[in-house]
file target.txt (compact mmCIF, N, CA and C atoms)
# COMPACT_ATOMS: atom_id res chain seq x y z
N ARG B 1 68.43 -54.02 112.28
CA ARG B 1 68.30 -55.46 112.29
C ARG B 1 68.56 -55.94 113.70
N THR B 2 67.74 -56.85 114.13
CA THR B 2 67.94 -57.46 115.45
C THR B 2 68.13 -58.96 115.28
N THR B 3 68.92 -59.52 116.16
CA THR B 3 69.17 -60.95 116.16
C THR B 3 68.93 -61.46 117.57
N TYR B 4 68.27 -62.61 117.65
CA TYR B 4 67.95 -63.22 118.93
C TYR B 4 68.48 -64.63 118.94
N GLY B 5 69.31 -64.96 119.91
CA GLY B 5 69.88 -66.30 120.00
C GLY B 5 69.32 -67.07 121.17
N HIS B 6 69.25 -68.37 121.03
CA HIS B 6 68.80 -69.31 122.05
C HIS B 6 67.29 -69.25 122.29
N LEU B 7 66.52 -68.78 121.30
CA LEU B 7 65.07 -68.75 121.48
C LEU B 7 64.49 -70.17 121.47
N HIS B 8 63.49 -70.38 122.28
CA HIS B 8 62.74 -71.64 122.28
C HIS B 8 61.78 -71.66 121.10
N SER B 9 61.10 -70.52 120.89
CA SER B 9 60.17 -70.41 119.77
C SER B 9 59.90 -68.93 119.48
N PHE B 10 59.38 -68.68 118.28
CA PHE B 10 59.06 -67.33 117.85
C PHE B 10 57.58 -67.06 118.00
N ALA B 11 57.23 -65.82 118.33
CA ALA B 11 55.83 -65.40 118.39
C ALA B 11 55.49 -64.54 117.18
N THR B 12 56.49 -64.22 116.35
CA THR B 12 56.29 -63.41 115.15
C THR B 12 56.98 -64.08 113.97
N LYS B 13 56.77 -63.51 112.79
CA LYS B 13 57.41 -64.01 111.58
C LYS B 13 58.42 -62.99 111.09
N LYS B 14 59.43 -63.44 110.36
CA LYS B 14 60.45 -62.56 109.80
C LYS B 14 59.77 -61.48 108.97
N GLY B 15 60.17 -60.23 109.22
CA GLY B 15 59.64 -59.10 108.48
C GLY B 15 58.36 -58.51 109.05
N GLU B 16 57.79 -59.15 110.05
CA GLU B 16 56.56 -58.66 110.67
C GLU B 16 56.84 -57.39 111.45
N HIS B 17 55.94 -56.42 111.38
CA HIS B 17 56.08 -55.17 112.12
C HIS B 17 55.79 -55.42 113.59
N VAL B 18 56.69 -54.96 114.44
CA VAL B 18 56.49 -55.07 115.89
C VAL B 18 56.70 -53.70 116.52
N GLU B 19 56.14 -53.54 117.68
CA GLU B 19 56.28 -52.30 118.43
C GLU B 19 56.78 -52.59 119.83
N ARG B 20 57.26 -51.57 120.49
CA ARG B 20 57.77 -51.71 121.84
C ARG B 20 56.75 -52.43 122.71
N GLY B 21 57.20 -53.43 123.44
CA GLY B 21 56.34 -54.17 124.35
C GLY B 21 55.72 -55.42 123.74
N ASP B 22 55.80 -55.57 122.39
CA ASP B 22 55.26 -56.77 121.75
C ASP B 22 56.11 -57.99 122.09
N VAL B 23 55.48 -59.13 122.29
CA VAL B 23 56.20 -60.38 122.50
C VAL B 23 56.62 -60.89 121.13
N ILE B 24 57.93 -61.12 120.95
CA ILE B 24 58.41 -61.60 119.65
C ILE B 24 58.94 -63.02 119.72
N GLY B 25 59.24 -63.48 120.91
CA GLY B 25 59.75 -64.85 121.05
C GLY B 25 59.86 -65.22 122.51
N TYR B 26 60.24 -66.48 122.72
CA TYR B 26 60.33 -67.02 124.06
C TYR B 26 61.72 -67.59 124.30
N MET B 27 62.32 -67.21 125.43
CA MET B 27 63.68 -67.64 125.76
C MET B 27 63.79 -69.15 125.80
N GLY B 28 64.98 -69.61 125.45
CA GLY B 28 65.19 -71.05 125.45
C GLY B 28 66.56 -71.42 125.98
N ASN B 29 66.90 -72.66 125.79
CA ASN B 29 68.16 -73.22 126.26
C ASN B 29 68.68 -74.13 125.15
N THR B 30 69.49 -73.56 124.25
CA THR B 30 69.97 -74.31 123.09
C THR B 30 71.48 -74.43 123.10
N GLY B 31 71.98 -75.30 122.26
CA GLY B 31 73.43 -75.47 122.16
C GLY B 31 74.03 -75.95 123.45
N ARG B 32 75.15 -75.34 123.83
CA ARG B 32 75.85 -75.73 125.05
C ARG B 32 75.49 -74.85 126.25
N SER B 33 74.44 -74.08 126.12
CA SER B 33 74.07 -73.20 127.23
C SER B 33 73.66 -74.03 128.45
N THR B 34 73.84 -73.42 129.60
CA THR B 34 73.55 -74.14 130.85
C THR B 34 72.26 -73.69 131.50
N GLY B 35 71.56 -72.77 130.85
CA GLY B 35 70.30 -72.31 131.40
C GLY B 35 69.55 -71.44 130.41
N THR B 36 68.30 -71.22 130.67
CA THR B 36 67.46 -70.41 129.80
C THR B 36 67.96 -68.97 129.80
N HIS B 37 68.17 -68.44 128.60
CA HIS B 37 68.62 -67.06 128.46
C HIS B 37 68.41 -66.61 127.02
N LEU B 38 68.78 -65.37 126.72
CA LEU B 38 68.60 -64.79 125.40
C LEU B 38 69.82 -63.97 125.03
N HIS B 39 70.27 -64.11 123.80
CA HIS B 39 71.28 -63.21 123.24
C HIS B 39 70.53 -62.26 122.31
N TYR B 40 70.75 -60.97 122.48
CA TYR B 40 70.03 -59.93 121.73
C TYR B 40 71.06 -59.00 121.12
N GLU B 41 70.99 -58.83 119.81
CA GLU B 41 71.95 -57.97 119.10
C GLU B 41 71.19 -56.99 118.22
N VAL B 42 71.64 -55.73 118.21
CA VAL B 42 71.06 -54.70 117.34
C VAL B 42 72.16 -54.21 116.41
N VAL B 43 71.88 -54.22 115.10
CA VAL B 43 72.81 -53.69 114.10
C VAL B 43 72.05 -52.63 113.31
N HIS B 44 72.62 -51.41 113.27
CA HIS B 44 72.00 -50.30 112.55
C HIS B 44 73.04 -49.65 111.66
N ASP B 45 72.73 -49.47 110.40
CA ASP B 45 73.68 -48.92 109.43
C ASP B 45 74.98 -49.71 109.41
N GLY B 46 74.87 -51.03 109.57
CA GLY B 46 76.02 -51.91 109.48
C GLY B 46 76.91 -51.95 110.72
N LYS B 47 76.50 -51.25 111.78
CA LYS B 47 77.30 -51.20 113.00
C LYS B 47 76.52 -51.76 114.18
N ALA B 48 77.20 -52.53 115.02
CA ALA B 48 76.57 -53.05 116.24
C ALA B 48 76.29 -51.88 117.17
N ARG B 49 75.10 -51.88 117.76
CA ARG B 49 74.69 -50.82 118.68
C ARG B 49 74.47 -51.40 120.07
N ASP B 50 74.50 -50.53 121.06
CA ASP B 50 74.23 -50.94 122.44
C ASP B 50 72.74 -51.23 122.56
N PRO B 51 72.34 -52.47 122.82
CA PRO B 51 70.92 -52.80 122.91
C PRO B 51 70.17 -52.01 123.98
N MET B 52 70.86 -51.54 125.00
CA MET B 52 70.21 -50.78 126.06
C MET B 52 69.58 -49.50 125.51
N GLU B 53 70.12 -48.97 124.40
CA GLU B 53 69.54 -47.77 123.77
C GLU B 53 68.15 -48.06 123.23
N TYR B 54 67.85 -49.31 122.97
CA TYR B 54 66.56 -49.70 122.40
C TYR B 54 65.63 -50.34 123.43
N ILE B 55 66.18 -50.85 124.51
CA ILE B 55 65.38 -51.51 125.54
C ILE B 55 64.82 -50.51 126.53
N LEU B 56 65.62 -49.51 126.89
CA LEU B 56 65.18 -48.54 127.90
C LEU B 56 64.11 -47.62 127.35
N ASP B 57 63.10 -47.34 128.16
CA ASP B 57 62.09 -46.36 127.84
C ASP B 57 62.70 -44.98 128.08
N ARG B 58 62.81 -44.19 127.05
CA ARG B 58 63.50 -42.90 127.17
C ARG B 58 62.86 -41.94 128.16
N LYS B 59 61.54 -42.01 128.32
CA LYS B 59 60.86 -41.09 129.24
C LYS B 59 61.15 -41.42 130.68
N SER B 60 61.05 -42.70 131.03
CA SER B 60 61.20 -43.07 132.44
C SER B 60 62.59 -43.60 132.78
N GLY B 61 63.37 -44.00 131.75
CA GLY B 61 64.69 -44.56 132.00
C GLY B 61 64.66 -45.96 132.55
N THR B 62 63.49 -46.60 132.48
CA THR B 62 63.34 -47.96 132.99
C THR B 62 63.27 -48.95 131.84
N LEU B 63 63.44 -50.22 132.15
CA LEU B 63 63.35 -51.26 131.13
C LEU B 63 61.94 -51.34 130.59
N SER B 64 61.84 -51.57 129.29
CA SER B 64 60.53 -51.65 128.64
C SER B 64 60.20 -53.10 128.33
N LEU B 65 60.38 -53.97 129.32
CA LEU B 65 60.12 -55.38 129.13
C LEU B 65 58.84 -55.76 129.83
N ARG B 66 58.19 -56.81 129.34
CA ARG B 66 56.98 -57.30 130.01
C ARG B 66 57.34 -58.30 131.05

call {"tool": "encode", "arguments": {"input": "target.txt", "output": "C-alpha cells"}}
result
Amino acid sequence: RTTYGHLHSFATKKGEHVERGDVIGYMGNTGRSTGTHLHYEVVHDGKARDPMEYILDRKSGTLSLR
C-alpha cells in the first residue's frame, strides 16, 4: 500500500494498476505546508518500508522518476 500526501491532483484512480515510471499524481501545497512537495509512504505486510527500496532502479541504482 502506498500513501501520497499533499497531492494537487491524481492522474490515476484507487485500485488502478500502475507500473514503474507511470505518473500517478501531481505534487501540491496543502494544509500548513510552505511549498510544493510530496509525502510518500510504503506499507507492506503491515510494516512501514523504506520508500527508497521502491524508488531506486535496482539495475542502475539511480532514481526511477520522470

call {"tool": "residues_around", "arguments": {"input": "target.txt", "residues": "Leu38 of chain B", "least_positions_apart": "3", "cutoff": "12 Å", "atoms": "only C-alpha atoms", "output": "list in words"}}
result
Thr3, Tyr4, Gly5, His6, Leu7, His8, Ser9, Gly25, Tyr26, Met27, Gly28, Asn29, Thr30, Ser33, Thr34, Gly35 and Glu41 of chain B

call {"tool": "select_by_dssp", "arguments": {"input": "target.txt", "residues": "chain B", "states": "alpha helix (DSSP H)", "output": "PyMOL selection string"}}
result
chain B and resi 52-55

call {"tool": "closest_residue", "arguments": {"input": "target.txt", "among": "B:Ile55, B:Tyr40, B:Ser60, B:Arg49", "to": "Glu19 of chain B", "atoms": "only C-alpha atoms"}}
result
B:Ile55

call {"tool": "atom_distance", "arguments": {"input": "target.txt", "atom1": "atom C of Val18 of chain B", "atom2": "atom CA of Thr36 of chain B"}}
result
23.9 Å

call {"tool": "atom_distance", "arguments": {"input": "target.txt", "atom1": "atom CA of Tyr54 of chain B", "atom2": "atom CA of Thr2 of chain B"}}
result
10.5 Å

call {"tool": "closest_residue", "arguments": {"input": "target.txt", "among": "B:His37, B:Thr12, B:Gly31, B:Arg20", "to": "Leu56 of chain B", "atoms": "only C-alpha atoms"}}
result
B:Arg20

call {"tool": "atom_distance", "arguments": {"input": "target.txt", "atom1": "atom CA of Val42 of chain B", "atom2": "atom CA of Arg1 of chain B"}}
result
5.8 Å

call {"tool": "select_by_dssp", "arguments": {"input": "target.txt", "residues": "chain B", "states": "strand (DSSP E or B)", "output": "ChimeraX atom specification"}}
result
/B:2-5,7-10,25-28,37,39-44,47-49,56,63

call {"tool": "decode", "arguments": {"input": "target.txt", "residues": "segment 42-56 of chain B", "atoms": "all heavy atoms", "output": "compact mmCIF listing (two decimals), in the first residue's frame"}}
result
# COMPACT_ATOMS: atom_id res chain seq x y z
N VAL B 42 5.26 3.81 2.03
CA VAL B 42 5.04 2.44 1.56
C VAL B 42 4.83 1.56 2.79
O VAL B 42 5.63 1.57 3.72
CB VAL B 42 6.25 1.92 0.76
CG1 VAL B 42 6.04 0.47 0.36
CG2 VAL B 42 6.50 2.79 -0.46
N VAL B 43 3.73 0.80 2.79
CA VAL B 43 3.45 -0.17 3.85
C VAL B 43 3.27 -1.53 3.19
O VAL B 43 2.46 -1.68 2.27
CB VAL B 43 2.19 0.21 4.66
CG1 VAL B 43 1.88 -0.87 5.69
CG2 VAL B 43 2.38 1.55 5.33
N HIS B 44 4.07 -2.52 3.63
CA HIS B 44 4.00 -3.87 3.08
C HIS B 44 3.91 -4.86 4.23
O HIS B 44 4.70 -4.78 5.17
CB HIS B 44 5.24 -4.14 2.21
CG HIS B 44 5.17 -5.44 1.50
ND1 HIS B 44 5.81 -6.56 1.96
CD2 HIS B 44 4.53 -5.80 0.36
CE1 HIS B 44 5.58 -7.55 1.14
NE2 HIS B 44 4.80 -7.12 0.15
N ASP B 45 2.95 -5.75 4.17
CA ASP B 45 2.71 -6.71 5.25
C ASP B 45 2.52 -6.02 6.59
O ASP B 45 3.01 -6.48 7.63
CB ASP B 45 3.85 -7.73 5.35
CG ASP B 45 3.88 -8.69 4.17
OD1 ASP B 45 2.80 -8.95 3.58
OD2 ASP B 45 4.97 -9.19 3.85
N GLY B 46 1.87 -4.86 6.57
CA GLY B 46 1.55 -4.13 7.79
C GLY B 46 2.71 -3.34 8.39
O GLY B 46 2.57 -2.77 9.46
N LYS B 47 3.85 -3.31 7.72
CA LYS B 47 5.02 -2.61 8.23
C LYS B 47 5.45 -1.51 7.27
O LYS B 47 5.48 -1.71 6.06
CB LYS B 47 6.19 -3.57 8.44
CG LYS B 47 5.94 -4.62 9.49
CD LYS B 47 7.13 -5.51 9.64
CE LYS B 47 6.85 -6.61 10.65
NZ LYS B 47 7.99 -7.52 10.79
N ALA B 48 5.82 -0.36 7.83
CA ALA B 48 6.34 0.74 7.01
C ALA B 48 7.69 0.31 6.43
O ALA B 48 8.51 -0.29 7.12
CB ALA B 48 6.50 2.00 7.84
N ARG B 49 7.89 0.59 5.15
CA ARG B 49 9.13 0.24 4.46
C ARG B 49 9.85 1.50 4.01
O ARG B 49 9.23 2.55 3.84
CB ARG B 49 8.84 -0.62 3.23
CG ARG B 49 8.04 -1.85 3.51
CD ARG B 49 8.84 -2.83 4.31
NE ARG B 49 8.02 -4.03 4.54
CZ ARG B 49 8.46 -5.12 5.08
NH1 ARG B 49 9.70 -5.22 5.48
NH2 ARG B 49 7.65 -6.12 5.26
N ASP B 50 11.13 1.38 3.76
CA ASP B 50 11.92 2.49 3.24
C ASP B 50 11.51 2.72 1.78
O ASP B 50 11.74 1.85 0.93
CB ASP B 50 13.40 2.17 3.33
CG ASP B 50 14.30 3.29 2.84
OD1 ASP B 50 13.77 4.32 2.36
OD2 ASP B 50 15.52 3.13 2.94
N PRO B 51 10.92 3.87 1.46
CA PRO B 51 10.48 4.12 0.08
C PRO B 51 11.61 4.06 -0.94
O PRO B 51 11.37 3.76 -2.11
CB PRO B 51 9.89 5.53 0.12
CG PRO B 51 9.59 5.79 1.55
CD PRO B 51 10.57 4.97 2.34
N MET B 52 12.84 4.30 -0.52
CA MET B 52 13.96 4.26 -1.45
C MET B 52 14.13 2.87 -2.07
O MET B 52 14.63 2.72 -3.17
CB MET B 52 15.26 4.70 -0.78
CG MET B 52 15.28 6.17 -0.41
SD MET B 52 15.00 7.28 -1.82
CE MET B 52 16.57 7.16 -2.63
N GLU B 53 13.68 1.82 -1.35
CA GLU B 53 13.74 0.46 -1.89
C GLU B 53 12.84 0.30 -3.11
O GLU B 53 13.03 -0.60 -3.92
CB GLU B 53 13.35 -0.56 -0.82
CG GLU B 53 14.31 -0.62 0.35
CD GLU B 53 13.83 -1.55 1.44
OE1 GLU B 53 12.92 -2.37 1.19
OE2 GLU B 53 14.35 -1.45 2.55
N TYR B 54 11.85 1.16 -3.24
CA TYR B 54 10.89 1.08 -4.33
C TYR B 54 11.13 2.15 -5.40
O TYR B 54 10.70 1.99 -6.53
CB TYR B 54 9.47 1.21 -3.78
CG TYR B 54 9.15 0.09 -2.81
CD1 TYR B 54 9.45 0.23 -1.46
CD2 TYR B 54 8.60 -1.09 -3.26
CE1 TYR B 54 9.19 -0.81 -0.58
CE2 TYR B 54 8.34 -2.13 -2.39
CZ TYR B 54 8.64 -1.98 -1.05
OH TYR B 54 8.39 -3.01 -0.18
N ILE B 55 11.81 3.22 -5.04
CA ILE B 55 12.06 4.32 -5.97
C ILE B 55 13.29 4.05 -6.82
O ILE B 55 13.32 4.33 -8.01
CB ILE B 55 12.22 5.67 -5.22
CG1 ILE B 55 10.90 6.05 -4.56
CG2 ILE B 55 12.69 6.76 -6.15
CD1 ILE B 55 11.00 7.27 -3.67
N LEU B 56 14.33 3.48 -6.21
CA LEU B 56 15.58 3.25 -6.94
C LEU B 56 15.44 2.13 -7.95
O LEU B 56 14.82 1.10 -7.68
CB LEU B 56 16.71 2.90 -5.97
CG LEU B 56 17.23 4.02 -5.08
CD1 LEU B 56 18.31 3.49 -4.15
CD2 LEU B 56 17.76 5.17 -5.90
